[in-house]
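Text of input_1.tsv (TSV, C-alpha atoms) as supplied:
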```tsv
chain	number	residue	atom	x	y	z
A	1	MET	CA	6.04	-21.32	-1.01
A	2	SER	CA	9.74	-20.65	-1.39
A	3	GLY	CA	10.54	-18.92	-4.67
A	4	ALA	CA	6.84	-18.14	-5.28
A	5	THR	CA	5.76	-15.71	-7.97
A	6	VAL	CA	5.20	-12.24	-6.49
A	7	TRP	CA	3.16	-9.51	-8.18
A	8	ALA	CA	2.68	-5.92	-7.01
A	9	VAL	CA	-0.79	-4.38	-7.19
A	10	VAL	CA	-1.11	-0.62	-6.89
A	11	PRO	CA	-4.63	0.88	-6.64
A	12	ALA	CA	-4.38	4.36	-8.16
A	13	ALA	CA	-7.91	5.22	-9.26
A	14	GLY	CA	-8.56	7.64	-6.38
A	15	ARG	CA	-8.96	11.38	-6.77
A	16	GLY	CA	-7.15	12.34	-3.56
A	17	THR	CA	-9.98	14.64	-2.54
A	18	ARG	CA	-8.77	14.92	1.07
A	19	PHE	CA	-5.49	16.38	-0.14
A	20	GLY	CA	-7.16	19.06	-2.28
A	21	GLY	CA	-6.05	20.53	-5.59
A	22	GLU	CA	-6.49	19.37	-9.16
A	23	VAL	CA	-3.67	16.82	-9.29
A	24	PRO	CA	-4.45	13.37	-7.82
A	25	LYS	CA	-1.96	12.88	-5.01
A	26	GLN	CA	-0.27	9.86	-6.62
A	27	TYR	CA	1.02	12.24	-9.31
A	28	LEU	CA	2.34	14.91	-6.95
A	29	GLN	CA	6.10	15.39	-7.13
A	30	ALA	CA	8.54	14.54	-4.36
A	31	ALA	CA	12.31	14.57	-4.93
A	32	GLY	CA	11.67	15.28	-8.60
A	33	ARG	CA	9.43	12.30	-9.37
A	34	PRO	CA	5.73	11.43	-8.93
A	35	LEU	CA	4.86	9.60	-5.73
A	36	ILE	CA	3.61	6.60	-7.70
A	37	GLU	CA	6.94	6.30	-9.51
A	38	HIS	CA	8.80	6.07	-6.19
A	39	ALA	CA	6.36	3.40	-5.01
A	40	LEU	CA	6.60	1.32	-8.19
A	41	THR	CA	10.38	1.61	-8.43
A	42	THR	CA	10.94	0.19	-4.94
A	43	LEU	CA	8.47	-2.64	-5.45
A	44	LEU	CA	9.91	-3.66	-8.82
A	45	ALA	CA	13.50	-3.42	-7.61
A	46	HIS	CA	12.88	-6.42	-5.37
A	47	PRO	CA	14.28	-9.58	-7.01
A	48	GLN	CA	11.19	-11.68	-6.24
A	49	VAL	CA	8.66	-9.22	-7.72
A	50	VAL	CA	8.03	-10.08	-11.37
A	51	GLY	CA	5.75	-7.18	-12.35
A	52	ALA	CA	3.14	-4.64	-11.30
A	53	MET	CA	-0.54	-4.11	-12.10
A	54	VAL	CA	-1.77	-0.54	-11.61
A	55	ALA	CA	-5.51	0.17	-11.34
A	56	LEU	CA	-6.27	3.58	-12.86
A	57	ALA	CA	-9.36	5.76	-13.17
A	58	ALA	CA	-11.05	5.34	-16.55
A	59	ASP	CA	-10.42	8.99	-17.42
A	60	ASP	CA	-6.86	9.22	-16.06
A	61	ALA	CA	-4.97	11.51	-18.42
A	62	ARG	CA	-1.94	11.93	-16.16
A	63	TRP	CA	-0.65	8.35	-16.26
A	64	PRO	CA	2.83	8.57	-17.82
A	65	GLY	CA	2.31	5.45	-19.89
A	66	TRP	CA	5.03	3.32	-18.37
A	67	THR	CA	5.13	-0.23	-19.69
A	68	SER	CA	8.18	-1.22	-17.67
A	69	LEU	CA	10.27	-0.04	-14.72
A	70	GLN	CA	13.38	-1.70	-13.31
A	71	GLY	CA	13.29	-3.94	-16.39
A	72	LYS	CA	9.95	-5.49	-15.34
A	73	PRO	CA	6.44	-5.11	-16.81
A	74	VAL	CA	4.08	-2.40	-15.61
A	75	LEU	CA	0.52	-3.26	-16.66
A	76	CYS	CA	-2.66	-1.22	-16.23
A	77	CYS	CA	-6.36	-1.85	-15.78
A	78	VAL	CA	-9.40	0.28	-14.99
A	79	GLY	CA	-10.09	0.51	-11.28
A	80	GLY	CA	-13.32	1.11	-9.39
A	81	GLY	CA	-14.99	3.62	-7.15
A	82	GLU	CA	-13.58	2.17	-3.95
A	83	ARG	CA	-10.14	0.83	-3.07
A	84	ALA	CA	-11.42	-2.74	-2.78
A	85	ASP	CA	-12.97	-2.51	-6.25
A	86	SER	CA	-9.65	-1.35	-7.73
A	87	VAL	CA	-7.67	-4.10	-6.03
A	88	LEU	CA	-10.12	-6.75	-7.20
A	89	ALA	CA	-10.01	-5.38	-10.76
A	90	ALA	CA	-6.20	-5.53	-10.66
A	91	LEU	CA	-6.21	-9.12	-9.38
A	92	ASP	CA	-8.60	-10.13	-12.15
A	93	ALA	CA	-6.43	-8.37	-14.76
A	94	LEU	CA	-3.17	-10.12	-13.89
A	95	PRO	CA	-1.68	-12.02	-16.83
A	96	ALA	CA	-2.92	-15.50	-17.64
A	97	ASP	CA	0.41	-16.98	-16.57
A	98	ALA	CA	0.21	-15.41	-13.09
A	99	PRO	CA	-0.55	-18.31	-10.72
A	100	THR	CA	-3.80	-18.25	-8.79
A	101	ASN	CA	-1.77	-18.67	-5.60
A	102	ALA	CA	0.79	-15.98	-6.46
A	103	LEU	CA	1.79	-13.75	-3.57
A	104	VAL	CA	0.34	-10.28	-4.20
A	105	LEU	CA	1.73	-7.11	-2.62
A	106	VAL	CA	-0.93	-4.40	-2.46
A	107	HIS	CA	0.71	-1.02	-1.99
A	108	ASP	CA	-0.58	2.56	-1.79
A	109	ALA	CA	0.34	4.69	-4.80
A	110	ALA	CA	0.93	7.64	-2.46
A	111	ARG	CA	3.20	5.76	-0.05
A	112	PRO	CA	6.58	6.51	-1.68
A	113	ASN	CA	9.17	5.80	1.03
A	114	LEU	CA	9.01	2.02	1.37
A	115	ALA	CA	12.29	0.57	2.65
A	116	ALA	CA	13.80	-2.38	0.78
A	117	ASP	CA	14.56	-4.28	3.99
A	118	ASP	CA	10.95	-3.91	5.16
A	119	LEU	CA	9.84	-5.37	1.84
A	120	ASP	CA	12.28	-8.27	2.30
A	121	ARG	CA	10.89	-9.12	5.72
A	122	LEU	CA	7.27	-8.76	4.61
A	123	ILE	CA	7.69	-11.12	1.65
A	124	ALA	CA	9.46	-13.67	3.86
A	125	ALA	CA	6.73	-13.50	6.50
A	126	ALA	CA	3.85	-13.70	4.02
A	127	THR	CA	5.49	-16.58	2.18
A	128	ALA	CA	5.79	-18.57	5.41
A	129	HIS	CA	2.35	-17.71	6.81
A	130	ALA	CA	-0.73	-19.08	5.05
A	131	ASP	CA	-2.88	-16.07	5.99
A	132	GLY	CA	-0.44	-13.48	4.66
A	133	ALA	CA	1.10	-10.46	6.38
A	134	ILE	CA	1.08	-6.67	6.42
A	135	LEU	CA	3.54	-3.97	7.39
A	136	GLY	CA	2.62	-1.86	10.38
A	137	ALA	CA	3.81	-0.31	13.62
A	138	PRO	CA	2.58	-0.48	17.22
A	139	VAL	CA	0.65	2.57	18.42
A	140	ARG	CA	3.00	4.53	20.67
A	141	ASP	CA	0.98	7.71	21.30
A	142	THR	CA	-1.68	8.04	23.97
A	143	LEU	CA	-5.11	7.64	22.38
A	144	LYS	CA	-8.03	9.93	23.23
A	145	ARG	CA	-11.67	9.40	22.34
A	146	ALA	CA	-13.52	12.63	21.54
A	147	ASP	CA	-17.14	13.68	21.19
A	148	THR	CA	-18.57	15.68	18.27
A	149	GLU	CA	-17.24	18.92	19.80
A	150	CYS	CA	-13.69	17.54	20.07
A	151	THR	CA	-13.88	17.31	23.84
A	152	ILE	CA	-12.01	14.37	25.35
A	153	VAL	CA	-14.39	11.80	26.77
A	154	ALA	CA	-11.95	8.93	27.42
A	155	THR	CA	-8.37	7.75	27.23
A	156	GLU	CA	-8.20	4.48	25.31
A	157	PRO	CA	-5.72	1.68	26.04
A	158	ARG	CA	-3.18	1.31	23.25
A	159	GLU	CA	-1.88	-2.14	24.20
A	160	GLY	CA	-2.13	-4.48	21.25
A	161	LEU	CA	-3.05	-1.71	18.78
A	162	TRP	CA	-1.10	-1.26	15.54
A	163	ARG	CA	-1.16	1.22	12.68
A	164	ALA	CA	-1.61	-0.60	9.36
A	165	PHE	CA	0.79	0.27	6.52
A	166	THR	CA	1.30	-1.17	3.07
A	167	PRO	CA	2.33	-3.29	1.29
A	168	GLN	CA	-0.14	-5.90	2.45
A	169	ALA	CA	0.75	-9.37	1.14
A	170	PHE	CA	-1.71	-12.20	0.49
A	171	ARG	CA	-2.25	-15.13	-1.87
A	172	ARG	CA	-4.06	-13.97	-4.98
A	173	ASP	CA	-6.92	-16.49	-4.80
A	174	ALA	CA	-7.58	-15.96	-1.09
A	175	LEU	CA	-7.59	-12.18	-1.41
A	176	SER	CA	-9.87	-12.24	-4.46
A	177	ALA	CA	-12.37	-14.44	-2.62
A	178	ALA	CA	-12.25	-12.23	0.48
A	179	LEU	CA	-12.79	-9.03	-1.50
A	180	ARG	CA	-15.71	-10.54	-3.41
A	181	ALA	CA	-17.30	-11.67	-0.16
A	182	VAL	CA	-16.93	-8.22	1.40
A	183	ARG	CA	-18.43	-6.56	-1.66
A	184	ALA	CA	-21.38	-8.97	-1.63
A	185	SER	CA	-22.02	-8.18	2.04
A	186	GLY	CA	-22.07	-4.43	1.43
A	187	VAL	CA	-19.21	-3.79	3.88
A	188	LEU	CA	-16.58	-1.19	2.93
A	189	ALA	CA	-13.16	-2.74	3.48
A	190	THR	CA	-10.66	0.03	4.21
A	191	ASP	CA	-7.71	-2.27	3.58
A	192	GLU	CA	-7.04	-5.77	2.29
A	193	ALA	CA	-6.35	-7.16	5.76
A	194	MET	CA	-9.86	-6.21	6.83
A	195	ALA	CA	-11.34	-8.28	4.01
A	196	MET	CA	-9.10	-11.22	4.92
A	197	GLU	CA	-10.03	-10.90	8.62
A	198	ARG	CA	-13.73	-11.07	7.75
A	199	ALA	CA	-12.97	-14.26	5.81
A	200	GLY	CA	-11.53	-15.80	8.97
A	201	ALA	CA	-7.83	-15.22	8.27
A	202	ARG	CA	-5.36	-13.99	10.86
A	203	PRO	CA	-2.59	-12.16	8.97
A	204	LEU	CA	0.76	-11.49	10.58
A	205	LEU	CA	1.83	-8.00	11.56
A	206	VAL	CA	5.39	-7.21	10.47
A	207	GLU	CA	6.85	-4.14	12.17
A	208	GLY	CA	8.16	-1.69	9.60
A	209	ARG	CA	9.75	1.74	9.55
A	210	GLU	CA	7.46	4.55	10.62
A	211	ASP	CA	8.71	6.79	7.81
A	212	ASN	CA	6.79	4.58	5.37
A	213	LEU	CA	4.24	7.37	5.34
A	214	LYS	CA	1.15	7.76	3.18
A	215	VAL	CA	0.85	11.24	1.70
A	216	THR	CA	-2.55	12.54	2.75
A	217	THR	CA	-1.91	16.22	3.58
A	218	PRO	CA	0.38	18.96	2.21
A	219	ALA	CA	2.57	18.55	5.32
A	220	ASP	CA	3.00	14.85	4.45
A	221	LEU	CA	4.21	15.83	0.99
A	222	VAL	CA	6.85	18.17	2.45
A	223	LEU	CA	8.08	15.37	4.71
A	224	ALA	CA	8.08	12.84	1.86
A	225	ASP	CA	10.09	15.22	-0.30
A	226	TYR	CA	12.68	15.60	2.46
A	227	LEU	CA	12.91	11.85	3.14
A	228	LEU	CA	13.18	10.90	-0.52
A	229	SER	CA	15.70	13.63	-1.32
A	230	ARG	CA	17.84	12.47	1.62
A	231	ARG	CA	17.49	8.86	0.50
A	232	ALA	CA	18.62	9.78	-3.01
A	233	SER	CA	21.62	11.72	-1.74
A	234	VAL	CA	22.69	8.88	0.55
A	235	GLY	CA	22.32	6.42	-2.31
A	236	ALA	CA	24.37	8.62	-4.63
A	237	SER	CA	27.15	9.02	-2.08
A	238	GLY	CA	27.21	5.31	-1.33
```
Rewritten as structure tokens:
Amino acid sequence: MSGATVWAVVPAAGRGTRFGGEVPKQYLQAAGRPLIEHALTTLLAHPQVVGAMVALAADDARWPGWTSLQGKPVLCCVGGGERADSVLAALDALPADAPTNALVLVHDAARPNLAADDLDRLIAAATAHADGAILGAPVRDTLKRADTECTIVATEPREGLWRAFTPQAFRRDALSAALRAVRASGVLATDEAMAMERAGARPLLVEGREDNLKVTTPADLVLADYLLSRRASVGASG
């Protein structure tokens, strides 16, 4: 699949209720720009990515109205109540000339610090592997299992365990089929790899930088602001 068409899909219909506040977290500012702008800019800066489809809430009044970034199209569709619904809506809304077997990069709108070299390696791995690939990192901390009162009941082995990041990269047709199957079964897929796994696929894990953080708490936003500001200053000096 060398030279394959690559589209970015960004589910952004969530309310960010765990973060709190009135502003959905994808629109929170870090280093002077919304988190979703950082995410889209890095994705679209990659030479193989031809465009992005963003799944928005039907009543989203904060979307800036971008139609292009990095000289490439930014398209929008209405997402759903769950992440999987938004991703499926975005896949269905891709332009008519987007191949059914296009490589699709699904990336969190609130994950703003994606490194370009991680994206390079992910696209290469997913292009070479029929079942796709995701960014992630091995679990390095000791894991504890707790009861309902937060008392430790066991120490869990961490060997072979990874934290799943995004982007997650799969063929458009295979991912669409997997998401439809999961929805029909009533299972809530928390990421795209889970849907693919249930369809029998075995995606590759591509180790990425651990500062590819997803902003979930106010502390995450402070860290993202620091990382992105430092990244901008290094880029300006270079």
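Residues within 9 Å of His38 (chain A), counting all atoms listed in the file and excluding same-chain residues fewer than 2 positions away, are Ala30, Arg33, Pro34, Leu35, Ile36, Leu40, Thr41, Thr42, Leu43, Ala109, Ala110, Arg111, Pro112, Asn113, Leu114 and Leu228 of chain A.
In this structure, CA of Pro95 (chain A) sits 25.8 Å away from CA of Pro203 (chain A).
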Item to check | Atom pair CA of Pro157 (chain A) / CA of Glu210 (chain A): separation (Å) | outcome: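 Interatomic distance here is 20.5 Å.
Here the question is which of A:Arg183, A:Arg171, A:Arg121, A:Arg140 gets nearest to Ala8 (chain A) using all atoms listed in the file, and that residue is A:Arg171.
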Item to check | For Gln168 (chain A): contacts at 7 Å, all atoms listed in the file, fewer than 3 positions along chain excluded, given as a PyMOL selection string | outcome: chain A and resi 105-107+133-135+192
Next on the checklist: When you count only C-alpha atoms, which of these residues is closest to Arg180 (chain A): A:Ile123, A:Val206, A:Ala93, A:Ala84?
Outcome noted: A:Ala84
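Closest approach to Arg83 (chain A) among A:Ala12, A:Ala232, A:Val23, A:Val222: A:Ala12, based on all atoms listed in the file.
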Item to check | Residue nearest Leu94 (chain A) among A:Asp59, A:Asp147, A:Asp108, A:Asp173 (counting only C-alpha atoms) | outcome: A:Asp173
Next on the checklist: Which residues are close to Asp85 (chain A), i.e. within 10 Å by all atoms listed in the file, leaving aside same-chain residues fewer than 3 positions away? Reply as a list in words.
Outcome noted: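 Contacts, in chain order: Pro11, Ala13, Ala55, Val78, Gly79, Gly80, Gly81, Glu82, Leu88, Ala89, Ala90, Leu91, Leu179, Arg180, Arg183, Leu188 and Ala189 of chain A.
Between CA of Gln26 (chain A) and CA of Phe170 (chain A) the interatomic distance comes to 23.2 Å.
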Checklist outcome for this item: Using only C-alpha atoms, the residue out of A:Ser233, A:Gly51, A:Gly160, A:Asp60 with shortest distance to Leu75 (chain A) is A:Gly51
What would region 156-171 of chain A look like if you wrote it out as a PDB file, in the first residue's frame, with N, CA and C atoms included, from the block I just posted?
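out_28.pdb written:
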```
ATOM      1  N   GLU A 156      -0.854  -6.207  40.179  1.00  0.00           N
ATOM      2  CA  GLU A 156      -1.069  -6.867  38.895  1.00  0.00           C
ATOM      3  C   GLU A 156       0.222  -6.876  38.067  1.00  0.00           C
ATOM      4  N   PRO A 157       0.498  -7.969  37.381  1.00  0.00           N
ATOM      5  CA  PRO A 157       1.678  -7.989  36.504  1.00  0.00           C
ATOM      6  C   PRO A 157       1.499  -7.024  35.347  1.00  0.00           C
ATOM      7  N   ARG A 158       2.558  -6.303  35.012  1.00  0.00           N
ATOM      8  CA  ARG A 158       2.461  -5.312  33.936  1.00  0.00           C
ATOM      9  C   ARG A 158       3.099  -5.799  32.649  1.00  0.00           C
ATOM     10  N   GLU A 159       3.725  -6.975  32.674  1.00  0.00           N
ATOM     11  CA  GLU A 159       4.377  -7.501  31.480  1.00  0.00           C
ATOM     12  C   GLU A 159       3.362  -7.641  30.347  1.00  0.00           C
ATOM     13  N   GLY A 160       3.718  -7.107  29.191  1.00  0.00           N
ATOM     14  CA  GLY A 160       2.862  -7.212  28.028  1.00  0.00           C
ATOM     15  C   GLY A 160       1.746  -6.189  27.962  1.00  0.00           C
ATOM     16  N   LEU A 161       1.622  -5.322  28.969  1.00  0.00           N
ATOM     17  CA  LEU A 161       0.561  -4.313  28.979  1.00  0.00           C
ATOM     18  C   LEU A 161       1.063  -3.000  28.388  1.00  0.00           C
ATOM     19  N   TRP A 162       0.216  -2.381  27.583  1.00  0.00           N
ATOM     20  CA  TRP A 162       0.533  -1.096  26.942  1.00  0.00           C
ATOM     21  C   TRP A 162      -0.587  -0.109  27.205  1.00  0.00           C
ATOM     22  N   ARG A 163      -0.232   1.165  27.228  1.00  0.00           N
ATOM     23  CA  ARG A 163      -1.218   2.254  27.213  1.00  0.00           C
ATOM     24  C   ARG A 163      -1.481   2.605  25.751  1.00  0.00           C
ATOM     25  N   ALA A 164      -2.747   2.715  25.396  1.00  0.00           N
ATOM     26  CA  ALA A 164      -3.124   3.018  24.012  1.00  0.00           C
ATOM     27  C   ALA A 164      -3.233   4.520  23.815  1.00  0.00           C
ATOM     28  N   PHE A 165      -2.547   5.027  22.786  1.00  0.00           N
ATOM     29  CA  PHE A 165      -2.612   6.437  22.403  1.00  0.00           C
ATOM     30  C   PHE A 165      -3.365   6.552  21.078  1.00  0.00           C
ATOM     31  N   THR A 166      -3.387   7.741  20.541  1.00  0.00           N
ATOM     32  CA  THR A 166      -3.805   7.962  19.161  1.00  0.00           C
ATOM     33  C   THR A 166      -2.732   8.814  18.496  1.00  0.00           C
ATOM     34  N   PRO A 167      -2.687   8.804  17.141  1.00  0.00           N
ATOM     35  CA  PRO A 167      -3.637   8.212  16.223  1.00  0.00           C
ATOM     36  C   PRO A 167      -3.625   6.681  16.251  1.00  0.00           C
ATOM     37  N   GLN A 168      -4.786   6.145  15.797  1.00  0.00           N
ATOM     38  CA  GLN A 168      -4.925   4.728  15.529  1.00  0.00           C
ATOM     39  C   GLN A 168      -5.237   4.616  14.040  1.00  0.00           C
ATOM     40  N   ALA A 169      -4.499   3.781  13.325  1.00  0.00           N
ATOM     41  CA  ALA A 169      -4.515   3.777  11.868  1.00  0.00           C
ATOM     42  C   ALA A 169      -5.006   2.441  11.311  1.00  0.00           C
ATOM     43  N   PHE A 170      -6.098   2.512  10.527  1.00  0.00           N
ATOM     44  CA  PHE A 170      -6.688   1.312   9.943  1.00  0.00           C
ATOM     45  C   PHE A 170      -7.218   1.621   8.543  1.00  0.00           C
ATOM     46  N   ARG A 171      -7.444   0.556   7.755  1.00  0.00           N
ATOM     47  CA  ARG A 171      -8.095   0.727   6.468  1.00  0.00           C
ATOM     48  C   ARG A 171      -9.543   1.156   6.703  1.00  0.00           C
TER      49      ARG A 171
END
```
